[in-house]
Every structure is written in C-alpha cells, then in structure tokens.
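A.B. asks: I am attaching a structure below and will ask some questions about it afterwards.
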Amino acid sequence: MELTAKTTIKSLLKEHPYLLDFLIEYRPEYGKLANPVLRASLGAVATLEMVAEMGNVPLEQLMSDIRSEIERHATESPMELQAHQADQMRHEALGGMIRDLHAGVDPDVIKRRFAELIEHASPSDIAAMEQTLVAEGMPEEEIKAMCDLHVKIFQESLEMEQKPVVPGGHPVHTFHRENEALAEVAKRIEHELADIGEPPTADGLRRQSDCLKADLARLAEIEKHYLRKENELFPALEKHGVTAPPKVMWAIHDDVRALLKDVRKALEEGPAATVVKEGRVLVKTIIDMIYKEENVLFPLALETLSEGDWVRIREGEAAIGYALVEPRGAWKAFKGEVPPGERKEGHIALQTGLLTAEQIDLLFNTLPVDVSFVDENDVVRFYSEGTRIFPRSPGIIGRTVQNCHPKASVAVVQRILDAFRAGERDVAEFWIEMNERFIHIRYFALRDVEGAYKGVVELVQDATDVRRLAGERRLLDWDVESSPKGA
C-alpha cells in the first residue's frame with residue numbers, strides 16, 4: 001500500500017498488523033492502541049497526520065520510521081509474520097461467531113467453536129466486538145437483546161480472568177461494594193417472591209407485601225449506582241473511544257427502571273401472579289447487570305482509564321450519591337491536569353460589567369433555576385450548582401448532549417437542536433408533573449450579534465409555588481413567611 005498523510009491506522013494495521021507493537025512502543029501517547037476498543041472505534045478515522053500531531057512527532061519522521069519498520073520486517077522469518085496474521089484471524093473469527101449468534105445459530109454450537117479457537121477471552125474482546133458490530137451498522141437494540149448471550153458464550157474464560165484489586169475509596173471499589181449490597185437485597189426479594197406460593201396466591205402476597213415494599217424501596221437506591229455510571233464513568237470511557245458498551249448498558253438501566261416501577265405498581269394493584277412474574281424478571285435483570293459490570297465493564301474501565309480520569313470520577317460522585325453504602329477508604333491519586341474552569345482568580349470583562357469567576361459561580365448558584373449550556377457543537381459546557389431539579393455531575397462536561405439522554409429522548413433533543421441551528425425556532429418549552437411538583441422546562445437558542453447560532457441554554461424551574469400566587473404583593477412582608485430567609 002502507498003503510505004500517505006491520509007493513511008488511516010485501520011488500513012495500515014490491516015496491511016501490516018505487526019506495526020501495532022511498533023507504534024505502541026514508538027511513543028507513550030500511542031500506548032492506548034493496545035486497547036482493541038480504541039482501535040475499533042478510532043482506527044477507521046485516525047490518519048497518520050493526526051497520529052503524528054497526537055505524538056508531537058514530525059509527520060515525515062513518523063512516515064519514514066514506519067517505512068523503515070516495514071522494510072525491516074520484510075526480512076524477518078515467516079513464522080513471526082504468521083503469528084501476527086493468526087492473531088488478526090482470531091479476532092475476525094470471534095466477530096464472526098457473534099454475528100452468527102445474532103443470526104440465530106445455537107449458542108451451544110457457538111460455545112464449541114469458541115472453545116476450539118481460544119482458551120482465554122478478556123473484557124476488551126467483548127467490548128471490541130460490540131464496538132465493531134455498531135460500526136458495521138447493527139442496531140443497538142439488537143445488541144442489547146443479545147448481550148446476555150455474548151457474556152454467556154465467554155463466561156468460562158471471563159471467570160478465569162484474575163479480577164483487578166483496587167484500594168478502598170477508588171470508584172470501582174465503591175461500585176463493587178454497592179453491587180454486593182444490591183445483590184443481597186435482590187436475592188432477598190427473590191425469596192420473598194417464592195414465599196408468595198406456587199401458584200401465587202392473594203394470601204401469600206398479603207403476607208409478603210410489607211417485606212417486598214421495604215426491599216423494593218431499598219432496591220430503588222440502584223438509581224444512584226446507575227446515574228454515577230451514566231454521568232461519570234460512561235463519559236470517561238467515551239473520551240477514550242469506548243462508546244458501544246455504555247450505550248447498551250444504559251438501555252438496560254432504563255429497562256430496570258421501568259421494571260421496578262411496574263413491580264411496585266403491581267404490588268399495590270395485584271394480582272399476585274403478576275407481582276411474582278415481573279419481580280423475578282426484575283431480579284434477574286439486576287443480577288445479570290451486576291455480573292456484566294464485575295466481569296466486563298469494570299475490568300475494561302481499569303484497563304482503559306488513566307489515574308486522572310479516576311480522580312475526576314471520584315470528585316463527581318458525591319453530587320449524585322451512593323446506593324446503600326458509602327465509599328470506604330481514603331484512595332488518593334495524582335490529579336494530573338486541572339480541569340478547565342477551576343481557576344478562581346482574576347476578573348472577566350462582560351458586556352455590562354466586570355465579575356470574578358467566584359462571583360459568576362455565586363450568581364448562577366443562587367438563581368432559582370437549574371441552568372445548563374450546550375455549545376454550537378452540541379457539547380455540554382456548563383451547568384449551575386444551585387437549584388437542582390434533574391441529576392447533574394461534572395462527568396457530563398465535554399460530553400455530547402445526545403449522549404446525556406436516554407435513547408427515547410434523543411429524537412426530541414435533536415429536533416430542537418436542528419431547528420435552533422437552522423434558525424427556524426428560538427424557544428422550546430415543556431412542563432411536567434414530577435413527585436407532586438410542577439416543573440417548567442425551557443430551551444433558548446443563543447445567537448451572536450450577526451445571528452449565528454452559538455448554542456442552547458436550558459432553564460429548569462420548580463414552578464409549583466409560583467403557580468399558587470394570586471393577587472399582588474407590593475410591600476416587603478417577611479413576617480408572614482414561614483422561613484426567616486424567605487423572600
């Protein structure tokens with residue numbers, strides 16, 4: 001092949017697979033190419049020109065060194081070349097197995113083929129294959145529906161993998177302790193469902209009703225576990241090119257949320273058979289997700305993310321909270337680079353005034369609305385820390401707004417962004433009732449003096465008390481307020 005500045009890593013490694021080891025050792029910045037997920041996602045678009053810039057290497061030097069390595073390798077023994085080709089064929093065969101699985105081939109047949117091909121599969125293998133399937137156009141819903149079988153095929157080899165040990169206080173350590181506590185509650189619910197009887201009876205349901213209500217309330221704490229994954233862990237993985245597994249898992253999170261709601265409703269309305277049936281599906285879905293986290297997601301994340309990534313995840317956890325447990329231990333790591341926006345000194349000249357960064361923070365944090373800003377490239381750049389209606393945490397900063405919403409909402413979000421960008425609309429608003437509160441949600445297009453689209457600001461307000469106002473108040477009358485700090 002002809003080597004040019006526009007040659008992609010994917011095409012280069014397809015033609016010369018042995019160059020993978022060469023590039024990994026060539027510059028520290030290229031070490032992440034060892035991650036098959038990163039290669040699958042970015043390799044198709046990363047050119048040598050981009051790679052040279054990433055490694056701070058002159059393009060001509062990089063291309064010259066690659067050519068020299070190709071020439072050197074041409075003189076090596078055929079055995080080494082065969083080893084690289086065998087490794088490439090192995091990954092292609094693994095991908096073929098998963099495609100056959102989706103096509104309906106018996107999983108037991110796939111497991112036998114797998115055993116003949118490989119004795120060891122890592123979490124990265126599963127992630128890389130799911131990433132490849134997405135890149136090839138397979139719908140995420142289909143991958144979600146089959147991901148249990150993906151794990152089942154690799155189960156034996158996954159369980160042979162040595163689980164990484166992390167210190168107390170590390171985000172993965174906290175996730176693990178939460179999983180232990182959540183699994184205990186789920187197993188208890190499983191026993192309570194069994195005690196309703198076979199077949200389930202109304203009397204059995206009455207006997208177990210209080211226990212089930214209490215344990216379902218405990219299980220609902222899983223929301224914090226999932227929110228930390230969605231708002232902290234997933235954004236960090238996405239920045240390293242790992243996009244498919246988070247999307248598949250988020251869809252399953254939404255399934256758990258819906259199931260939990262349905263089971264609690266069935267517990268109030270019956271019949272007993274529905275409670276048992278839906279309750280067992282809920283328990284199985286949660287236990288299966290815990291297995292995927294412990295054997296696929298967390299090992300993959302520990303392999304992929306840097307210490308700086310984990311520090312930022314740890315710093316954002318408290319804003320969301322924890323499920324049934326609190327972090328145990330005082331894990332500390334080198335923070336690396338300081339995230340943008342932390343500098344507090346100096347003044348910022350605005351159109352109608354001069355404020356310090358601290359004053360701007362205080363202003364936004366005091367407003368009785370939840371403010372978020374998405375720039376013209378659909379990237380989340382800011383949210384206020386004051387009044388909070390919906391969960392937010394630092395992990396969403398720098399993330400595309402489409403990835404911050406469940407799949408069911410993405411189409412509406414995209415429609416608003418497209419209309420704002422095209423200049424067709426400047427405002428969109430919704431109002432909903434949530435937890436007996438009236439929530440008003442508004443979106444405003446931001447445009448510069450020439451009318452060019454510069455992003456969108458979202459304002460979310462709890463308008464419950466505002467809707468109750470009537471008549472007028474023209475005088476200050478704190479004496480009638482229920483709180484000494486009232487307006």
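To be explicit about the labels: the chains of the structure tokens are called A, B, and onward in the order shown, and within each one the residues are counted from 1, while ligands get numbers from 1 in the order they are shown.
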For segment 365-380 of chain A, list every protein, DNA or RNA residue within 8 Å, evaluated using only C-alpha atoms, and leave out those in the same chain fewer than 6 positions away; present the list as a VMD selection string.
C.D. replies: chain A and resid 386 to 389 396 to 402 417 421 453 to 462
A.B. asks: Write a file of the just-selected residues containing C-alpha atoms, as a PDB file, in the first residue's frame.
C.D. replies:
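Result written to selection-v7.pdb:
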ATOM      1  CA  GLY A 386     -27.515  25.785  42.756  1.00  0.00           C
ATOM      2  CA  THR A 387     -31.150  24.754  42.432  1.00  0.00           C
ATOM      3  CA  ARG A 388     -31.116  21.189  41.101  1.00  0.00           C
ATOM      4  CA  ILE A 389     -34.176  19.575  39.527  1.00  0.00           C
ATOM      5  CA  ILE A 396     -21.203  15.481  31.648  1.00  0.00           C
ATOM      6  CA  ILE A 397     -18.883  18.420  30.914  1.00  0.00           C
ATOM      7  CA  GLY A 398     -17.327  17.908  27.482  1.00  0.00           C
ATOM      8  CA  ARG A 399     -19.892  15.244  26.556  1.00  0.00           C
ATOM      9  CA  THR A 400     -22.186  15.489  23.522  1.00  0.00           C
ATOM     10  CA  VAL A 401     -25.682  16.320  24.723  1.00  0.00           C
ATOM     11  CA  GLN A 402     -27.196  13.436  22.742  1.00  0.00           C
ATOM     12  CA  LEU A 417     -31.117  21.479  18.171  1.00  0.00           C
ATOM     13  CA  ARG A 421     -29.321  25.686  14.308  1.00  0.00           C
ATOM     14  CA  TYR A 453     -26.111  30.007  16.287  1.00  0.00           C
ATOM     15  CA  LYS A 454     -23.861  29.657  19.355  1.00  0.00           C
ATOM     16  CA  GLY A 455     -25.633  27.011  21.373  1.00  0.00           C
ATOM     17  CA  VAL A 456     -28.621  26.494  23.633  1.00  0.00           C
ATOM     18  CA  VAL A 457     -29.345  27.265  27.274  1.00  0.00           C
ATOM     19  CA  GLU A 458     -31.724  25.052  29.250  1.00  0.00           C
ATOM     20  CA  LEU A 459     -33.648  26.527  32.185  1.00  0.00           C
ATOM     21  CA  VAL A 460     -35.486  24.158  34.517  1.00  0.00           C
ATOM     22  CA  GLN A 461     -37.646  25.620  37.285  1.00  0.00           C
ATOM     23  CA  ASP A 462     -39.828  24.162  40.006  1.00  0.00           C
TER      24      ASP A 462
END
A.B. asks: What lies within 10 Å of segment 318-322 of chain A using only C-alpha atoms, ignoring chain neighbours under 5 positions off, as a list of chain:residue names?
C.D. replies: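 Final neighbour list, sorted by chain and number: A:Thr174, A:Phe175, A:Glu178, A:Glu221, A:Ile222, A:Glu223, A:Lys224, A:His225, A:Tyr226, A:Leu227, A:Arg228, A:Asn231, A:Glu232, A:Ile313, A:Pro327, A:Glu385, A:Pro391, A:Arg392, A:Ser393, A:Pro394.
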A.B. asks: Find the spatial neighbours of Leu267 of chain A, counting only C-alpha atoms, within a cut-off of 9 Å - ignore same-chain residues fewer than 3 positions away - and output them as a list in words.
C.D. replies: Leu205, Ser209, Leu212, Lys213, Asp262, Val263, Arg264, Gly270, Pro271, Ala272, Thr274 and Val275 of chain A
A.B. asks: Would you save the residues of that selection, restricted to N, CA and C atoms, as a PDB file, in the first residue's frame?
C.D. replies:
ATOM      1  N   LEU A 205     -49.423 -13.093  48.920  1.00  0.00           N
ATOM      2  CA  LEU A 205     -48.981 -11.730  48.609  1.00  0.00           C
ATOM      3  C   LEU A 205     -49.181 -10.814  49.810  1.00  0.00           C
ATOM      4  N   SER A 209     -46.249  -8.664  51.541  1.00  0.00           N
ATOM      5  CA  SER A 209     -46.370  -7.309  50.993  1.00  0.00           C
ATOM      6  C   SER A 209     -45.452  -6.303  51.678  1.00  0.00           C
ATOM      7  N   LEU A 212     -41.779  -6.946  50.882  1.00  0.00           N
ATOM      8  CA  LEU A 212     -41.468  -6.597  49.493  1.00  0.00           C
ATOM      9  C   LEU A 212     -41.402  -5.086  49.303  1.00  0.00           C
ATOM     10  N   LYS A 213     -42.346  -4.358  49.899  1.00  0.00           N
ATOM     11  CA  LYS A 213     -42.333  -2.896  49.765  1.00  0.00           C
ATOM     12  C   LYS A 213     -41.038  -2.313  50.318  1.00  0.00           C
ATOM     13  N   ASP A 262     -42.973  -0.977  37.434  1.00  0.00           N
ATOM     14  CA  ASP A 262     -44.078  -1.911  37.182  1.00  0.00           C
ATOM     15  C   ASP A 262     -44.310  -2.844  38.370  1.00  0.00           C
ATOM     16  N   VAL A 263     -43.225  -3.326  38.976  1.00  0.00           N
ATOM     17  CA  VAL A 263     -43.371  -4.245  40.111  1.00  0.00           C
ATOM     18  C   VAL A 263     -44.012  -3.531  41.300  1.00  0.00           C
ATOM     19  N   ARG A 264     -43.593  -2.308  41.567  1.00  0.00           N
ATOM     20  CA  ARG A 264     -44.172  -1.571  42.699  1.00  0.00           C
ATOM     21  C   ARG A 264     -45.653  -1.267  42.450  1.00  0.00           C
ATOM     22  N   GLY A 270     -52.022  -5.738  42.308  1.00  0.00           N
ATOM     23  CA  GLY A 270     -52.157  -7.161  42.040  1.00  0.00           C
ATOM     24  C   GLY A 270     -52.332  -7.426  40.552  1.00  0.00           C
ATOM     25  N   PRO A 271     -52.609  -8.689  40.180  1.00  0.00           N
ATOM     26  CA  PRO A 271     -52.725  -9.862  41.048  1.00  0.00           C
ATOM     27  C   PRO A 271     -51.360 -10.399  41.476  1.00  0.00           C
ATOM     28  N   ALA A 272     -51.381 -11.398  42.353  1.00  0.00           N
ATOM     29  CA  ALA A 272     -50.142 -11.954  42.892  1.00  0.00           C
ATOM     30  C   ALA A 272     -49.257 -12.528  41.800  1.00  0.00           C
ATOM     31  N   THR A 274     -48.841 -11.578  38.771  1.00  0.00           N
ATOM     32  CA  THR A 274     -48.119 -10.513  38.061  1.00  0.00           C
ATOM     33  C   THR A 274     -46.942 -10.017  38.891  1.00  0.00           C
ATOM     34  N   VAL A 275     -47.159  -9.879  40.192  1.00  0.00           N
ATOM     35  CA  VAL A 275     -46.073  -9.438  41.076  1.00  0.00           C
ATOM     36  C   VAL A 275     -44.906 -10.411  40.995  1.00  0.00           C
TER      37      VAL A 275
END
A.B. asks: Using DSSP assignments from the backbone, pull out every residue in segment 219-365 of chain A that falls under strand (DSSP E) and give it to me as a PyMOL selection string.
C.D. replies: chain A and resi 347-350+353-356
A.B. asks: Using only C-alpha atoms, which residues sit within 12 Å of segment 306-310 of chain A once same-chain residues fewer than 3 positions away are excluded, as a ChimeraX atom specification?
C.D. replies: /A:31-32,166,169-173,232-240,298,300-303,313-317,331-339,394-395
A.B. asks: Within 9 Å of segment 280-293 of chain A, counting only C-alpha atoms, which residues qualify if same-chain residues fewer than 5 places away don't, as number ranges by chain?
C.D. replies: A: 148, 151, 175-176, 179-180, 182-183, 186-187, 189-190, 193, 249, 252-253, 255-256, 259-260, 263, 275, 298-299
A.B. asks: In Å, rounded to a single decimal, give me how far atom CA of Arg312 of chain A is from atom CA of Gly346 of chain A.
C.D. replies: 24.5 Å
A.B. asks: To one decimal in Å, tell me the separation between atom CA of Ile439 of chain A and atom CA of Phe390 of chain A.
C.D. replies: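 So the two atoms, atom CA of Ile439 of chain A and atom CA of Phe390 of chain A, lie 10.3 Å apart.
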